[in-house]
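K.L.:
Okay, here's the structure, questions in a sec.
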Amino acid sequence: MSNEPTFEKFLNQHDEEAWSATLATLFRSIHEVDRNATQIWFAFYPLSLFQALAAANDRAKLARQLLLQGEYELKTQIDRSHHFVYGHRFWPEVKKALEHHVDEWDRLESVPDQSSPTEVRSTSLADQILAVARRAAAQVKADESLLVGITAIAFMTLQQVGIAAFKAATGKVTIDKKHAKKSPAQILRERAKDDSQGLLGFLRTVNKQWTVTWDENDSSAKYKLREGQDLAWGAAEDQSRDWRAIDPRRIEGPIPVECRSASCGTCWVGLLGGAERLADVGAREGKKIKEFGYIDTAEPKPLIRLACQAQAQGAVSIVIPPWNGQFGKYLRLLKEGHEKAINIDAKSDEEVQAELIQ
């Protein structure tokens with residue numbers, strides 16, 4: 001008999017498709033301030049990639065072959081991976097509420113004939129997320145919709161790191177008090193605001209400038225971008241910090257970048273606000289972003305973009321993931337049971353990259 005806790009068994013029955021259905025069910029229950037942020041977080045930490053790494057005979061080798069760089073393990077960032085989500089402000093309460101939920105579930109499962117509340121024994125993942133969000137919201141006296149997104153994130157984090165590591169995390173909020181006090185309405189107003197071009201700005205066709213906010217919880221995390229300039233070029237002109245010391249992938253600005261042709265996948269970003277103010281996804285960006293594994297959509301203005309290709313036509317608010325890689329093709333082959341994916345452990349890094357990354 002497996003020693004895996006009962007609730008972990010329940011969670012591990014849910015694959016990426018099941019989670020997609022769950023998020024679709026929850027979408028309208030999530031406050032507007034966190035709808036984009038929640039979708040972005042789940043794109044940043046895909047369950048399918050975690051499962052592929054967990055199943056690999058040589059995890060480090062597979063990570064190297066898929067060109068994974070940076071901090072892609074949720075277990076090292078349980079309390080901070082979601083710092084850009086408004087609901088992060090309620091993380092300590094959500095974490096405790098989920099831990100209580102897990103303990104109650106396992107206790108009741110150990111006594112099968114004991115009656116139990118629907119909120120604990122429901123077979124619906126979405127219902128359980130809502131129940132935990134409701135409990136935490138009552139504790140902090142906040143609108144439940146503000147906690148649904150972060151609660152879904154807590155469930156997925158627990159699934160990827162395990163209950164022991166989840167409970168061991170400190171549960172601290174990682175943003176300062178000043179930014180934690182901002183209201184959802186204030187944040188939404190700031191995201192909706194575009195740059196004024198001056199009294200006669202409507203007459204200007206060149207030299208327009210737009211503001212890119214790359215961390216909403218840092219008042220100095222902004223840079224200017226010229227009309228039609230892509231997000232990566234604008235970031236490269238920001239020399240306000242020692243970027244390499246912060247993150248070795250940041251060789252010239254706040255956005256990590258290795259190329260300018262959508263070939264490396266290093267510069268992917270999420271759009272918290274202003275996605276509609278970027279030019280439509282071009283053919284190359286659309287093709288490569290799927291190959292990298294970041295997003296699979298035909299939307300012209302998705303929430304995940306390659307910064308070296310996304311040209312600005314207004315102010316935007318972005319979030320920069322702490323890692324990058326090229327894993328989309330491998331995950332697709334793995335799902336299909338393709339021989340290339342199954343036999344990857346027996347091949348050199350160069351052979352794998354030649355077969356999967358081209």
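Note on naming: chains are A, B, ... as they come in the structure tokens, residues start from 1 per chain, ligands start from 1 in the order shown.
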Near region 138-145 of chain A, counting only C-alpha atoms, which residues have an atom at most 10 Å away, once you skip same-chain residues fewer than 5 positions from it, shown as a list in words?
P.N.:
Leu26, Phe27, Arg28, Ser29, Ile30, His31, Glu32, Val33, Asp34, Gly87, Phe90, Glu93, Val94, Ala97, Leu130, Ala131, Val132, Ala133 and Ile150 of chain A
K.L.:
Can you tell me how far CA of Glu16 (chain A) sits from CA of Leu66 (chain A), in Å to one decimal?
P.N.:
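Interatomic distance, CA of Glu16 (chain A) to CA of Leu66 (chain A): 19.5 Å.
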K.L.:
Contacts of region 321-327 of chain A at 9 Å or less, counting only C-alpha atoms, minus same-chain residues fewer than 6 places along, as a VMD selection string?
P.N.:
chain A and resid 41 44 49 63 65 to 72 81 247 249 264 to 270 291 to 294 356 to 357
K.L.:
Residues at most 7 Å from Thr211 (chain A), counting only C-alpha atoms, excluding those fewer than 3 positions away in the same chain, as a list in words?
P.N.:
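Here the qualifying residues turn out to be Asp195, Lys222, Tyr223, Lys224, Leu225, Ala315 and Val316 of chain A.
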K.L.:
Could those residues be written to a file, using N, CA, C and O atoms, as a PDB file, in the first residue's frame?
P.N.:
ATOM      1  N   ASP A 195      -0.049  56.231 -21.389  1.00  0.00           N
ATOM      2  CA  ASP A 195       0.794  57.423 -21.285  1.00  0.00           C
ATOM      3  C   ASP A 195       0.241  58.579 -22.094  1.00  0.00           C
ATOM      4  O   ASP A 195      -0.170  58.408 -23.251  1.00  0.00           O
ATOM      5  N   LYS A 222      10.170  50.206 -13.775  1.00  0.00           N
ATOM      6  CA  LYS A 222       9.553  50.708 -14.993  1.00  0.00           C
ATOM      7  C   LYS A 222      10.636  51.153 -15.958  1.00  0.00           C
ATOM      8  O   LYS A 222      11.730  51.529 -15.555  1.00  0.00           O
ATOM      9  N   TYR A 223      10.328  51.102 -17.244  1.00  0.00           N
ATOM     10  CA  TYR A 223      11.208  51.690 -18.247  1.00  0.00           C
ATOM     11  C   TYR A 223      10.358  52.219 -19.404  1.00  0.00           C
ATOM     12  O   TYR A 223       9.188  51.852 -19.547  1.00  0.00           O
ATOM     13  N   LYS A 224      10.947  53.090 -20.193  1.00  0.00           N
ATOM     14  CA  LYS A 224      10.245  53.690 -21.315  1.00  0.00           C
ATOM     15  C   LYS A 224      10.537  52.930 -22.607  1.00  0.00           C
ATOM     16  O   LYS A 224      11.631  52.396 -22.814  1.00  0.00           O
ATOM     17  N   LEU A 225       9.559  52.950 -23.472  1.00  0.00           N
ATOM     18  CA  LEU A 225       9.633  52.233 -24.734  1.00  0.00           C
ATOM     19  C   LEU A 225       9.136  53.151 -25.845  1.00  0.00           C
ATOM     20  O   LEU A 225       8.133  53.844 -25.674  1.00  0.00           O
ATOM     21  N   ALA A 315       1.060  51.613 -23.071  1.00  0.00           N
ATOM     22  CA  ALA A 315       1.650  51.180 -21.798  1.00  0.00           C
ATOM     23  C   ALA A 315       1.198  49.767 -21.455  1.00  0.00           C
ATOM     24  O   ALA A 315       0.052  49.388 -21.709  1.00  0.00           O
ATOM     25  N   VAL A 316       2.103  48.985 -20.871  1.00  0.00           N
ATOM     26  CA  VAL A 316       1.782  47.609 -20.484  1.00  0.00           C
ATOM     27  C   VAL A 316       2.372  47.288 -19.115  1.00  0.00           C
ATOM     28  O   VAL A 316       3.336  47.920 -18.669  1.00  0.00           O
TER      29      VAL A 316
END
K.L.:
Pick from A:Ala154, A:Ala262, A:Ala136, A:Ala126: nearest to Asp79 (chain A), with only C-alpha atoms counted?
P.N.:
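Between A:Ala154, A:Ala262, A:Ala136, A:Ala126, the residue approaching Asp79 (chain A) most closely is A:Ala154.
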K.L.:
So how far away is CA of Ala18 (chain A) from CA of Lys167 (chain A), in Å?
P.N.:
24.6 Å
K.L.:
Residues near Met156 (chain A), anyone? I mean within 12 Å using only C-alpha atoms, not counting same-chain ones fewer than 2 positions away, as an MDAnalysis selection string.
P.N.:
chainID A and resid 8 11:12 14:16 18:20 22:23 38 41:48 50 74:75 78 81:82 95 98 125:126 129 149:154 158:163 166
K.L.:
Considering only C-alpha atoms, return as an MDAnalysis selection string whatever protein or nucleic-acid residues lie within 12 Å of Ser219 (chain A), sequence-local ones (same chain, fewer than 5 positions apart) excluded.
P.N.:
chainID A and resid 175:176 178:179 190 212:214
K.L.:
So which residues touch Gly282 (chain A) within 8 Å, counting only C-alpha atoms, skipping near sequence neighbours fewer than 3 positions away, as number ranges by chain?
P.N.:
A: 285-286, 309
K.L.:
Could you pull out the strand (DSSP E or B) residues of region 87-332 of chain A, going by DSSP on the backbone, and write them as a list of chain:residue names?
P.N.:
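The strand (DSSP E or B) residues within region 87-332 of chain A come out as A:Gln209, A:Trp210, A:Thr211, A:Val212, A:Thr213, A:Lys222, A:Tyr223, A:Lys224, A:Leu225, A:Arg226, A:Asp230, A:Trp268, A:Val269, A:Gly270, A:Leu271, A:Leu272, A:Gly273, A:Leu278, A:Ile304, A:Arg305, A:Leu306, A:Gln311, A:Ala312, A:Val316, A:Ser317, A:Ile318, A:Val319, A:Trp323, A:Asn324.
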K.L.:
Write out as a PyMOL selection string all residues of region 78-322 of chain A that DSSP puts in helix (DSSP H, G or I) for this structure's backbone.
P.N.:
chain A and resi 86-109+118-121+125-140+145-161+163-168+177-180+184-192+201-203+231-236+243-246+275-277+283-292
K.L.:
How would the residues just chosen look if you wrote them out with C-alpha atoms as a tab-separated table (two decimals), in the first residue's frame?
P.N.:
chain	number	residue	atom	x	y	z
A	86	TYR	CA	-3.07	40.18	-5.88
A	87	GLY	CA	-4.21	37.29	-3.71
A	88	HIS	CA	-0.61	36.80	-2.60
A	89	ARG	CA	-1.49	39.28	0.16
A	90	PHE	CA	-3.62	36.54	1.69
A	91	TRP	CA	-1.10	33.74	1.23
A	92	PRO	CA	-0.54	32.96	4.95
A	93	GLU	CA	-4.27	32.48	5.54
A	94	VAL	CA	-4.80	30.53	2.31
A	95	LYS	CA	-1.87	28.25	3.10
A	96	LYS	CA	-3.19	27.53	6.59
A	97	ALA	CA	-6.71	26.96	5.28
A	98	LEU	CA	-5.46	24.45	2.70
A	99	GLU	CA	-3.34	22.64	5.30
A	100	HIS	CA	-6.43	22.37	7.52
A	101	HIS	CA	-8.43	21.09	4.55
A	102	VAL	CA	-5.83	18.41	3.82
A	103	ASP	CA	-5.70	17.30	7.46
A	104	GLU	CA	-9.50	17.15	7.68
A	105	TRP	CA	-9.75	15.22	4.41
A	106	ASP	CA	-7.20	12.64	5.52
A	107	ARG	CA	-8.75	12.33	8.97
A	108	LEU	CA	-12.20	11.69	7.54
A	109	GLU	CA	-10.87	9.30	4.91
A	118	THR	CA	-19.54	18.32	1.56
A	119	GLU	CA	-16.82	20.98	1.47
A	120	VAL	CA	-14.27	18.42	2.67
A	121	ARG	CA	-15.30	15.27	0.80
A	125	LEU	CA	-11.49	20.00	-7.39
A	126	ALA	CA	-13.14	23.33	-8.24
A	127	ASP	CA	-15.58	22.95	-5.32
A	128	GLN	CA	-12.74	22.23	-2.91
A	129	ILE	CA	-10.78	25.27	-4.09
A	130	LEU	CA	-13.84	27.45	-3.57
A	131	ALA	CA	-14.42	25.96	-0.11
A	132	VAL	CA	-10.86	26.70	1.01
A	133	ALA	CA	-11.01	30.20	-0.49
A	134	ARG	CA	-14.26	30.82	1.36
A	135	ARG	CA	-12.75	29.73	4.67
A	136	ALA	CA	-9.68	31.94	4.25
A	137	ALA	CA	-11.79	34.90	3.07
A	138	ALA	CA	-13.94	34.67	6.19
A	139	GLN	CA	-10.82	34.76	8.33
A	140	VAL	CA	-9.36	37.89	6.69
A	145	SER	CA	-13.26	36.41	-5.25
A	146	LEU	CA	-9.91	37.94	-4.26
A	147	LEU	CA	-8.77	34.61	-2.81
A	148	VAL	CA	-9.96	32.12	-5.43
A	149	GLY	CA	-6.99	32.56	-7.77
A	150	ILE	CA	-4.34	32.28	-5.06
A	151	THR	CA	-6.16	29.28	-3.59
A	152	ALA	CA	-6.06	27.47	-6.94
A	153	ILE	CA	-2.34	28.28	-7.05
A	154	ALA	CA	-1.93	26.83	-3.55
A	155	PHE	CA	-3.57	23.56	-4.63
A	156	MET	CA	-1.30	23.27	-7.68
A	157	THR	CA	1.76	24.14	-5.61
A	158	LEU	CA	0.87	21.41	-3.14
A	159	GLN	CA	0.46	18.92	-5.99
A	160	GLN	CA	3.92	19.72	-7.34
A	161	VAL	CA	5.88	19.98	-4.07
A	163	ILE	CA	2.33	18.19	1.55
A	164	ALA	CA	5.51	17.93	3.65
A	165	ALA	CA	7.35	20.65	1.73
A	166	PHE	CA	4.18	22.75	1.50
A	167	LYS	CA	3.72	22.70	5.27
A	168	ALA	CA	7.42	23.37	5.85
A	177	LYS	CA	3.47	46.84	3.22
A	178	LYS	CA	3.13	49.87	0.96
A	179	HIS	CA	2.24	47.79	-2.09
A	180	ALA	CA	0.26	45.28	-0.06
A	184	PRO	CA	-7.82	45.94	-6.46
A	185	ALA	CA	-9.52	49.01	-7.96
A	186	GLN	CA	-6.31	51.03	-7.69
A	187	ILE	CA	-4.28	48.34	-9.43
A	188	LEU	CA	-6.85	47.96	-12.20
A	189	ARG	CA	-6.82	51.73	-12.75
A	190	GLU	CA	-3.04	51.74	-13.00
A	191	ARG	CA	-3.09	48.92	-15.55
A	192	ALA	CA	-5.72	50.69	-17.62
A	201	GLY	CA	0.19	64.26	-28.48
A	202	PHE	CA	-2.66	63.18	-30.72
A	203	LEU	CA	-0.78	64.80	-33.63
A	231	LEU	CA	9.67	44.98	-25.15
A	232	ALA	CA	13.17	43.49	-25.10
A	233	TRP	CA	14.84	46.38	-26.91
A	234	GLY	CA	13.29	48.87	-24.53
A	235	ALA	CA	14.42	46.85	-21.52
A	236	ALA	CA	18.00	46.73	-22.84
A	243	TRP	CA	21.04	42.99	-13.75
A	244	ARG	CA	23.52	40.11	-14.02
A	245	ALA	CA	23.98	40.15	-10.25
A	246	ILE	CA	20.21	39.82	-9.81
A	275	ALA	CA	-2.09	42.89	-23.75
A	276	GLU	CA	-4.34	44.66	-26.22
A	277	ARG	CA	-1.72	47.42	-26.60
A	283	ALA	CA	3.81	34.03	-37.62
A	284	ARG	CA	7.29	33.32	-36.23
A	285	GLU	CA	6.44	34.26	-32.66
A	286	GLY	CA	3.27	32.18	-32.78
A	287	LYS	CA	5.16	29.14	-34.05
A	288	LYS	CA	8.11	29.39	-31.69
A	289	ILE	CA	6.15	30.12	-28.53
A	290	LYS	CA	4.28	26.84	-29.04
A	291	GLU	CA	7.51	24.94	-29.67
A	292	PHE	CA	9.00	26.35	-26.50
